[in-house]
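Data block below; observations after.
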Amino acid sequence: MKLKELESELQPLKGFAAPKRELEQYVTNPHLASRMIFNAESGFGDIDEKDILDLGCGCAVLSIACVMLGANSVLSVDADPDALAIAKENIASLEMEENIDLINAVIPNPGAELKTASASTEATAALTAGVPIFDYENLDRTFDTVVMNPPFGTWNAGIDMVFLEIACKLAGTAVYSLHKSSTRDYILKKAKSLGFTGEVLAQMKYALPKTMAFHKAKTLDIEVDFFRFSRD
């Protein structure tokens, strides 16, 4: 499948009905998603016939793109049941139920006890109350590749590093992720401490649409790095 075709196939997918600020929910638009997954496959062969983990999958755009490019299986994890309901619709619309498994779970802080979630603010914790913790240490499956568009840590400081640490623990070969360009040096240093070498494959503009009440402009462009982290 060519890049333009992949982007076109992702266009009809539904996004968040009511994005939640505390969970930093921004849709991974078809333009970004297609380029992330296409480059992971065309440049490194990390998607086709691979087992994939999508951390913080949201509406499952990255998960679906992986299946379109031949992924063997995808496990998609998100803390928000509303987002997963939309993800389920998107997956069903393409008859990919046998390819993608959805899990409603909160990403835990590796440095804390398992019962303690990464939701550090009261508002975030309230939104995920009752949602089980993602018990990544006792999974009955392994992953070649992890793909994710994690929260940037704007409302929940440090959550981006929590996602990166879990991803590096679970990826057999590589992690593909988006992070704010302003955090590049710190991200690279953190990855190295986890036994991974980070490479910025592209710097892109993430056009965030006006989806929340506090947004003043119609769109806000954020410079983001598209990373590939490979195990040392």
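By order of appearance in the structure tokens: chains A, B, ..., then residues from 1 within every chain, and ligands from 1 in the order shown.
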Dump as JSON lines the rows for residues of stretch 50-97 of chain A within 9 Å of stretch 131-134 of chain A: closest atom pair and distance in Å with one decimal, only C-alpha atoms counted, ordered by chain and rising residue number.
{"residue": "A:Val77", "atom": "CA", "partner": "A:Phe134", "partner_atom": "CA", "distance": 8.0}
{"residue": "A:Ala79", "atom": "CA", "partner": "A:Val131", "partner_atom": "CA", "distance": 6.8}
{"residue": "A:Asp80", "atom": "CA", "partner": "A:Val131", "partner_atom": "CA", "distance": 8.3}
{"residue": "A:Pro81", "atom": "CA", "partner": "A:Val131", "partner_atom": "CA", "distance": 8.6}
Practice prompt. Using backbone DSSP assignments, extract all strand (DSSP E or B) residues from stretch 31-191 of chain A; output them as an MDAnalysis selection string.
Written response: chainID A and resid 51:55 73:78 100:104 106 108 117 133 143:148 171:180
Practice prompt. May I have the residues within 7 Å of A:Asn90 as a list of chain:residue names, using only C-alpha atoms and disregarding those fewer than 4 positions away in the same chain?
Written response: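 Listed by chain and then number, they are A:Leu13, A:Lys14, A:Ile86, A:Leu94.
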Fill in: Selection: 12 Å around A:Phe44, only C-alpha atoms, excl. self and same-chain fewer than 2 positions, as a PyMOL selection string
chain A and resi 36-42+46-48+50+145+173-176+201+228-230
Written file, previous selection with all heavy atoms, as a short mmCIF file (atom, residue, chain, number, x, y, z; two decimals), in the first residue's frame:
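Generated file (selection-v8.cif):
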data_model
loop_
_atom_site.label_atom_id
_atom_site.label_comp_id
_atom_site.auth_asym_id
_atom_site.auth_seq_id
_atom_site.Cartn_x
_atom_site.Cartn_y
_atom_site.Cartn_z
N MET A 36 3.77 7.98 10.12
CA MET A 36 4.43 7.22 11.19
C MET A 36 4.53 5.74 10.82
O MET A 36 5.62 5.14 10.85
CB MET A 36 3.64 7.36 12.50
CG MET A 36 3.82 8.68 13.21
SD MET A 36 2.87 8.72 14.78
CE MET A 36 3.76 7.49 15.76
N ILE A 37 3.40 5.14 10.48
CA ILE A 37 3.37 3.70 10.26
C ILE A 37 3.99 3.32 8.92
O ILE A 37 4.69 2.30 8.82
CB ILE A 37 1.92 3.18 10.37
CG1 ILE A 37 1.31 3.60 11.73
CG2 ILE A 37 1.89 1.67 10.21
CD1 ILE A 37 2.15 3.20 12.94
N PHE A 38 3.79 4.15 7.90
CA PHE A 38 4.40 3.87 6.60
C PHE A 38 5.92 3.87 6.71
O PHE A 38 6.59 2.98 6.16
CB PHE A 38 3.94 4.90 5.56
CG PHE A 38 4.43 4.61 4.17
CD1 PHE A 38 3.74 3.74 3.34
CD2 PHE A 38 5.60 5.21 3.68
CE1 PHE A 38 4.20 3.46 2.06
CE2 PHE A 38 6.06 4.93 2.41
CZ PHE A 38 5.36 4.06 1.58
N ASN A 39 6.48 4.85 7.40
CA ASN A 39 7.93 4.91 7.55
C ASN A 39 8.47 3.79 8.42
O ASN A 39 9.57 3.28 8.18
CB ASN A 39 8.34 6.27 8.12
CG ASN A 39 8.38 7.35 7.06
OD1 ASN A 39 9.25 7.38 6.21
ND2 ASN A 39 7.41 8.26 7.10
N ALA A 40 7.71 3.38 9.43
CA ALA A 40 8.13 2.27 10.27
C ALA A 40 8.27 0.99 9.45
O ALA A 40 9.18 0.18 9.68
CB ALA A 40 7.13 2.06 11.40
N GLU A 41 7.39 0.84 8.47
CA GLU A 41 7.43 -0.37 7.63
C GLU A 41 8.40 -0.20 6.45
O GLU A 41 9.27 -1.06 6.24
CB GLU A 41 6.03 -0.71 7.11
CG GLU A 41 5.99 -1.85 6.11
CD GLU A 41 6.66 -3.12 6.59
OE1 GLU A 41 6.69 -3.40 7.81
OE2 GLU A 41 7.19 -3.86 5.73
N SER A 42 8.26 0.86 5.70
CA SER A 42 9.08 1.01 4.49
C SER A 42 10.55 1.21 4.81
O SER A 42 11.43 0.76 4.07
CB SER A 42 8.57 2.17 3.64
OG SER A 42 8.70 3.41 4.34
N ASP A 46 9.27 -2.84 10.37
CA ASP A 46 8.84 -3.08 11.75
C ASP A 46 7.34 -3.29 11.92
O ASP A 46 6.86 -3.36 13.07
CB ASP A 46 9.29 -1.91 12.65
CG ASP A 46 10.77 -1.96 12.97
OD1 ASP A 46 11.33 -3.07 13.02
OD2 ASP A 46 11.37 -0.88 13.17
N ILE A 47 6.58 -3.40 10.82
CA ILE A 47 5.13 -3.54 10.93
C ILE A 47 4.62 -4.84 10.32
O ILE A 47 3.91 -5.62 10.97
CB ILE A 47 4.41 -2.34 10.27
CG1 ILE A 47 4.87 -1.02 10.89
CG2 ILE A 47 2.89 -2.51 10.40
CD1 ILE A 47 4.56 -0.86 12.36
N ASP A 48 4.94 -5.11 9.07
CA ASP A 48 4.42 -6.28 8.36
C ASP A 48 4.82 -7.58 9.07
O ASP A 48 5.99 -7.80 9.37
CB ASP A 48 4.96 -6.29 6.93
CG ASP A 48 4.35 -7.39 6.08
OD1 ASP A 48 3.17 -7.74 6.31
OD2 ASP A 48 5.05 -7.92 5.20
N LYS A 50 4.41 -8.38 12.05
CA LYS A 50 4.92 -8.14 13.40
C LYS A 50 3.76 -8.08 14.39
O LYS A 50 2.62 -7.79 14.03
CB LYS A 50 5.72 -6.84 13.47
CG LYS A 50 6.86 -6.73 12.47
CD LYS A 50 7.90 -7.80 12.67
CE LYS A 50 9.07 -7.59 11.70
NZ LYS A 50 10.08 -8.68 11.80
N THR A 145 7.12 -4.50 18.10
CA THR A 145 7.13 -3.05 17.92
C THR A 145 6.06 -2.39 18.78
O THR A 145 4.96 -2.92 18.91
CB THR A 145 6.86 -2.70 16.43
OG1 THR A 145 7.79 -3.42 15.60
CG2 THR A 145 6.98 -1.21 16.18
N THR A 173 11.98 -4.93 19.51
CA THR A 173 12.90 -4.33 18.54
C THR A 173 12.90 -2.81 18.57
O THR A 173 13.96 -2.19 18.69
CB THR A 173 12.53 -4.78 17.11
OG1 THR A 173 12.60 -6.22 17.05
CG2 THR A 173 13.50 -4.19 16.09
N ALA A 174 11.70 -2.19 18.44
CA ALA A 174 11.67 -0.74 18.28
C ALA A 174 10.40 -0.11 18.84
O ALA A 174 9.37 -0.76 18.97
CB ALA A 174 11.83 -0.37 16.80
N VAL A 175 10.52 1.18 19.14
CA VAL A 175 9.39 2.01 19.57
C VAL A 175 9.30 3.20 18.63
O VAL A 175 10.31 3.84 18.33
CB VAL A 175 9.59 2.53 21.02
CG1 VAL A 175 8.45 3.48 21.41
CG2 VAL A 175 9.71 1.39 22.00
N TYR A 176 8.09 3.48 18.16
CA TYR A 176 7.84 4.66 17.34
C TYR A 176 6.90 5.59 18.11
O TYR A 176 5.85 5.15 18.58
CB TYR A 176 7.20 4.27 16.00
CG TYR A 176 8.15 3.51 15.11
CD1 TYR A 176 8.27 2.12 15.21
CD2 TYR A 176 8.94 4.18 14.17
CE1 TYR A 176 9.15 1.42 14.40
CE2 TYR A 176 9.83 3.49 13.37
CZ TYR A 176 9.93 2.11 13.48
OH TYR A 176 10.82 1.43 12.69
N LEU A 201 13.34 10.73 13.14
CA LEU A 201 13.13 10.44 11.73
C LEU A 201 12.58 11.65 10.99
O LEU A 201 12.82 11.81 9.79
CB LEU A 201 12.17 9.26 11.57
CG LEU A 201 12.61 7.93 12.20
CD1 LEU A 201 11.56 6.85 11.93
CD2 LEU A 201 13.97 7.50 11.70
N ARG A 228 12.21 7.10 16.32
CA ARG A 228 12.35 5.64 16.37
C ARG A 228 13.39 5.34 17.43
O ARG A 228 14.51 5.85 17.40
CB ARG A 228 12.83 5.06 15.03
CG ARG A 228 12.97 3.51 15.08
CD ARG A 228 13.48 2.94 13.77
NE ARG A 228 13.36 1.49 13.73
CZ ARG A 228 14.38 0.64 14.01
NH1 ARG A 228 15.58 1.12 14.34
NH2 ARG A 228 14.20 -0.67 13.96
N PHE A 229 12.99 4.53 18.40
CA PHE A 229 13.90 4.07 19.46
C PHE A 229 14.21 2.61 19.20
O PHE A 229 13.29 1.78 19.13
CB PHE A 229 13.25 4.23 20.83
CG PHE A 229 12.84 5.65 21.16
CD1 PHE A 229 11.51 6.05 20.99
CD2 PHE A 229 13.76 6.57 21.62
CE1 PHE A 229 11.11 7.34 21.29
CE2 PHE A 229 13.37 7.88 21.92
CZ PHE A 229 12.04 8.26 21.75
N SER A 230 15.47 2.29 19.04
CA SER A 230 15.87 0.90 18.78
C SER A 230 16.67 0.36 19.96
O SER A 230 17.47 1.07 20.57
CB SER A 230 16.70 0.82 17.50
OG SER A 230 17.84 1.67 17.57
#
Worksheet item: In Å, how far is it from atom CA of A:Asp232 to atom CA of A:Thr197?
Response: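 Atom CA of A:Asp232 sits 6.3 Å away from atom CA of A:Thr197.
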Discussion item. As JSON, numbers by chain, please: the residues near A:Ala60 (cut-off 10 Å, only C-alpha atoms, same-chain neighbours under 2 positions excluded).
Written reply: {"A": [13, 14, 15, 27, 28, 54, 55, 56, 57, 58, 62, 63, 64, 65, 66, 76, 77, 78, 83, 84, 86, 87, 88, 89, 90, 91, 100, 102]}
Write a file of the selected residues as an mmCIF file, in the first residue's frame, keeping C-alpha atoms.
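Below is the file that was written, part-v3.cif:
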data_model
loop_
_atom_site.group_PDB
_atom_site.id
_atom_site.type_symbol
_atom_site.label_atom_id
_atom_site.label_comp_id
_atom_site.auth_asym_id
_atom_site.auth_seq_id
_atom_site.Cartn_x
_atom_site.Cartn_y
_atom_site.Cartn_z
ATOM 1 C CA LEU A 13 -12.173 7.032 10.866
ATOM 2 C CA LYS A 14 -13.941 8.729 13.761
ATOM 3 C CA GLY A 15 -12.094 10.860 16.302
ATOM 4 C CA VAL A 27 -6.568 12.794 17.523
ATOM 5 C CA THR A 28 -3.612 11.353 15.644
ATOM 6 C CA ASP A 54 -0.359 0.589 20.659
ATOM 7 C CA LEU A 55 -0.051 2.407 23.996
ATOM 8 C CA GLY A 56 -2.675 5.075 24.634
ATOM 9 C CA CYS A 57 -4.423 4.046 21.434
ATOM 10 C CA GLY A 58 -7.293 6.534 21.643
ATOM 11 C CA LEU A 62 -2.348 3.889 14.598
ATOM 12 C CA SER A 63 -3.567 0.365 15.338
ATOM 13 C CA ILE A 64 -5.665 0.293 12.189
ATOM 14 C CA ALA A 65 -2.823 1.703 10.085
ATOM 15 C CA CYS A 66 -0.602 -1.124 11.355
ATOM 16 C CA SER A 76 -4.409 -1.488 21.824
ATOM 17 C CA VAL A 77 -4.479 -0.040 25.343
ATOM 18 C CA ASP A 78 -6.248 3.086 26.594
ATOM 19 C CA ALA A 83 -12.284 6.489 23.404
ATOM 20 C CA LEU A 84 -12.278 2.707 23.207
ATOM 21 C CA ILE A 86 -15.059 4.842 19.218
ATOM 22 C CA ALA A 87 -12.025 2.645 18.549
ATOM 23 C CA LYS A 88 -14.314 -0.380 18.523
ATOM 24 C CA GLU A 89 -16.570 1.310 15.945
ATOM 25 C CA ASN A 90 -13.589 2.185 13.759
ATOM 26 C CA ILE A 91 -12.234 -1.348 13.941
ATOM 27 C CA ILE A 100 -6.901 -5.832 17.028
ATOM 28 C CA LEU A 102 -8.679 -3.605 22.918
#
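Computed from the coordinates, the atom CA of A:Asn149 to atom CA of A:Tyr26 distance equals 9.1 Å.
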Discussion item. If we count only C-alpha atoms and set the cut-off at 12 Å, which residues sit around stretch 137-139 of chain A, ignoring sequence neighbours fewer than 5 positions away in its own chain? Please answer as a list in words.
Written reply: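 So, after excluding close chain neighbours, the residues are Leu53, Leu75, Ile103, Ile107, Pro108, Pro110, Leu114, Ile166, Ala167, Lys169 and Leu170 of chain A.
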Keeping only N, CA, C and O atoms, take the residues you just selected and write them out as a PDB file, in the first residue's frame.
ATOM      1  N   LEU A  53       2.147  -3.321  19.772  1.00  0.00           N
ATOM      2  CA  LEU A  53       1.459  -2.754  20.934  1.00  0.00           C
ATOM      3  C   LEU A  53       1.234  -1.271  20.664  1.00  0.00           C
ATOM      4  O   LEU A  53       2.178  -0.556  20.308  1.00  0.00           O
ATOM      5  N   LEU A  75      -2.265  -5.136  19.972  1.00  0.00           N
ATOM      6  CA  LEU A  75      -2.915  -4.948  21.267  1.00  0.00           C
ATOM      7  C   LEU A  75      -2.982  -3.449  21.509  1.00  0.00           C
ATOM      8  O   LEU A  75      -1.956  -2.767  21.520  1.00  0.00           O
ATOM      9  N   ILE A 103      -7.878  -3.120  25.154  1.00  0.00           N
ATOM     10  CA  ILE A 103      -7.827  -3.258  26.610  1.00  0.00           C
ATOM     11  C   ILE A 103      -8.045  -1.893  27.250  1.00  0.00           C
ATOM     12  O   ILE A 103      -7.369  -0.915  26.897  1.00  0.00           O
ATOM     13  N   ILE A 107      -2.115   3.234  32.253  1.00  0.00           N
ATOM     14  CA  ILE A 107      -0.680   2.976  32.203  1.00  0.00           C
ATOM     15  C   ILE A 107      -0.072   3.302  33.568  1.00  0.00           C
ATOM     16  O   ILE A 107      -0.183   4.428  34.046  1.00  0.00           O
ATOM     17  N   PRO A 108       0.574   2.328  34.221  1.00  0.00           N
ATOM     18  CA  PRO A 108       1.126   2.570  35.558  1.00  0.00           C
ATOM     19  C   PRO A 108       2.516   3.181  35.500  1.00  0.00           C
ATOM     20  O   PRO A 108       3.222   3.064  34.499  1.00  0.00           O
ATOM     21  N   PRO A 110       6.186   2.912  36.275  1.00  0.00           N
ATOM     22  CA  PRO A 110       7.069   1.799  36.599  1.00  0.00           C
ATOM     23  C   PRO A 110       7.802   1.964  37.926  1.00  0.00           C
ATOM     24  O   PRO A 110       8.221   0.996  38.538  1.00  0.00           O
ATOM     25  N   LEU A 114       2.314  -1.277  41.701  1.00  0.00           N
ATOM     26  CA  LEU A 114       1.392  -1.541  40.604  1.00  0.00           C
ATOM     27  C   LEU A 114       0.027  -0.911  40.829  1.00  0.00           C
ATOM     28  O   LEU A 114      -0.629  -0.486  39.898  1.00  0.00           O
ATOM     29  N   ILE A 166       7.511   2.350  29.729  1.00  0.00           N
ATOM     30  CA  ILE A 166       6.741   1.115  29.536  1.00  0.00           C
ATOM     31  C   ILE A 166       6.973   0.574  28.126  1.00  0.00           C
ATOM     32  O   ILE A 166       7.156  -0.640  27.925  1.00  0.00           O
ATOM     33  N   ALA A 167       6.959   1.470  27.138  1.00  0.00           N
ATOM     34  CA  ALA A 167       7.174   1.047  25.757  1.00  0.00           C
ATOM     35  C   ALA A 167       8.516   0.346  25.584  1.00  0.00           C
ATOM     36  O   ALA A 167       8.611  -0.694  24.922  1.00  0.00           O
ATOM     37  N   LYS A 169      10.223  -1.178  27.848  1.00  0.00           N
ATOM     38  CA  LYS A 169      10.212  -2.457  28.553  1.00  0.00           C
ATOM     39  C   LYS A 169       9.583  -3.566  27.706  1.00  0.00           C
ATOM     40  O   LYS A 169       9.947  -4.741  27.826  1.00  0.00           O
ATOM     41  N   LEU A 170       8.636  -3.193  26.844  1.00  0.00           N
ATOM     42  CA  LEU A 170       7.847  -4.188  26.125  1.00  0.00           C
ATOM     43  C   LEU A 170       8.243  -4.387  24.664  1.00  0.00           C
ATOM     44  O   LEU A 170       7.862  -5.384  24.057  1.00  0.00           O
TER      45      LEU A 170
END
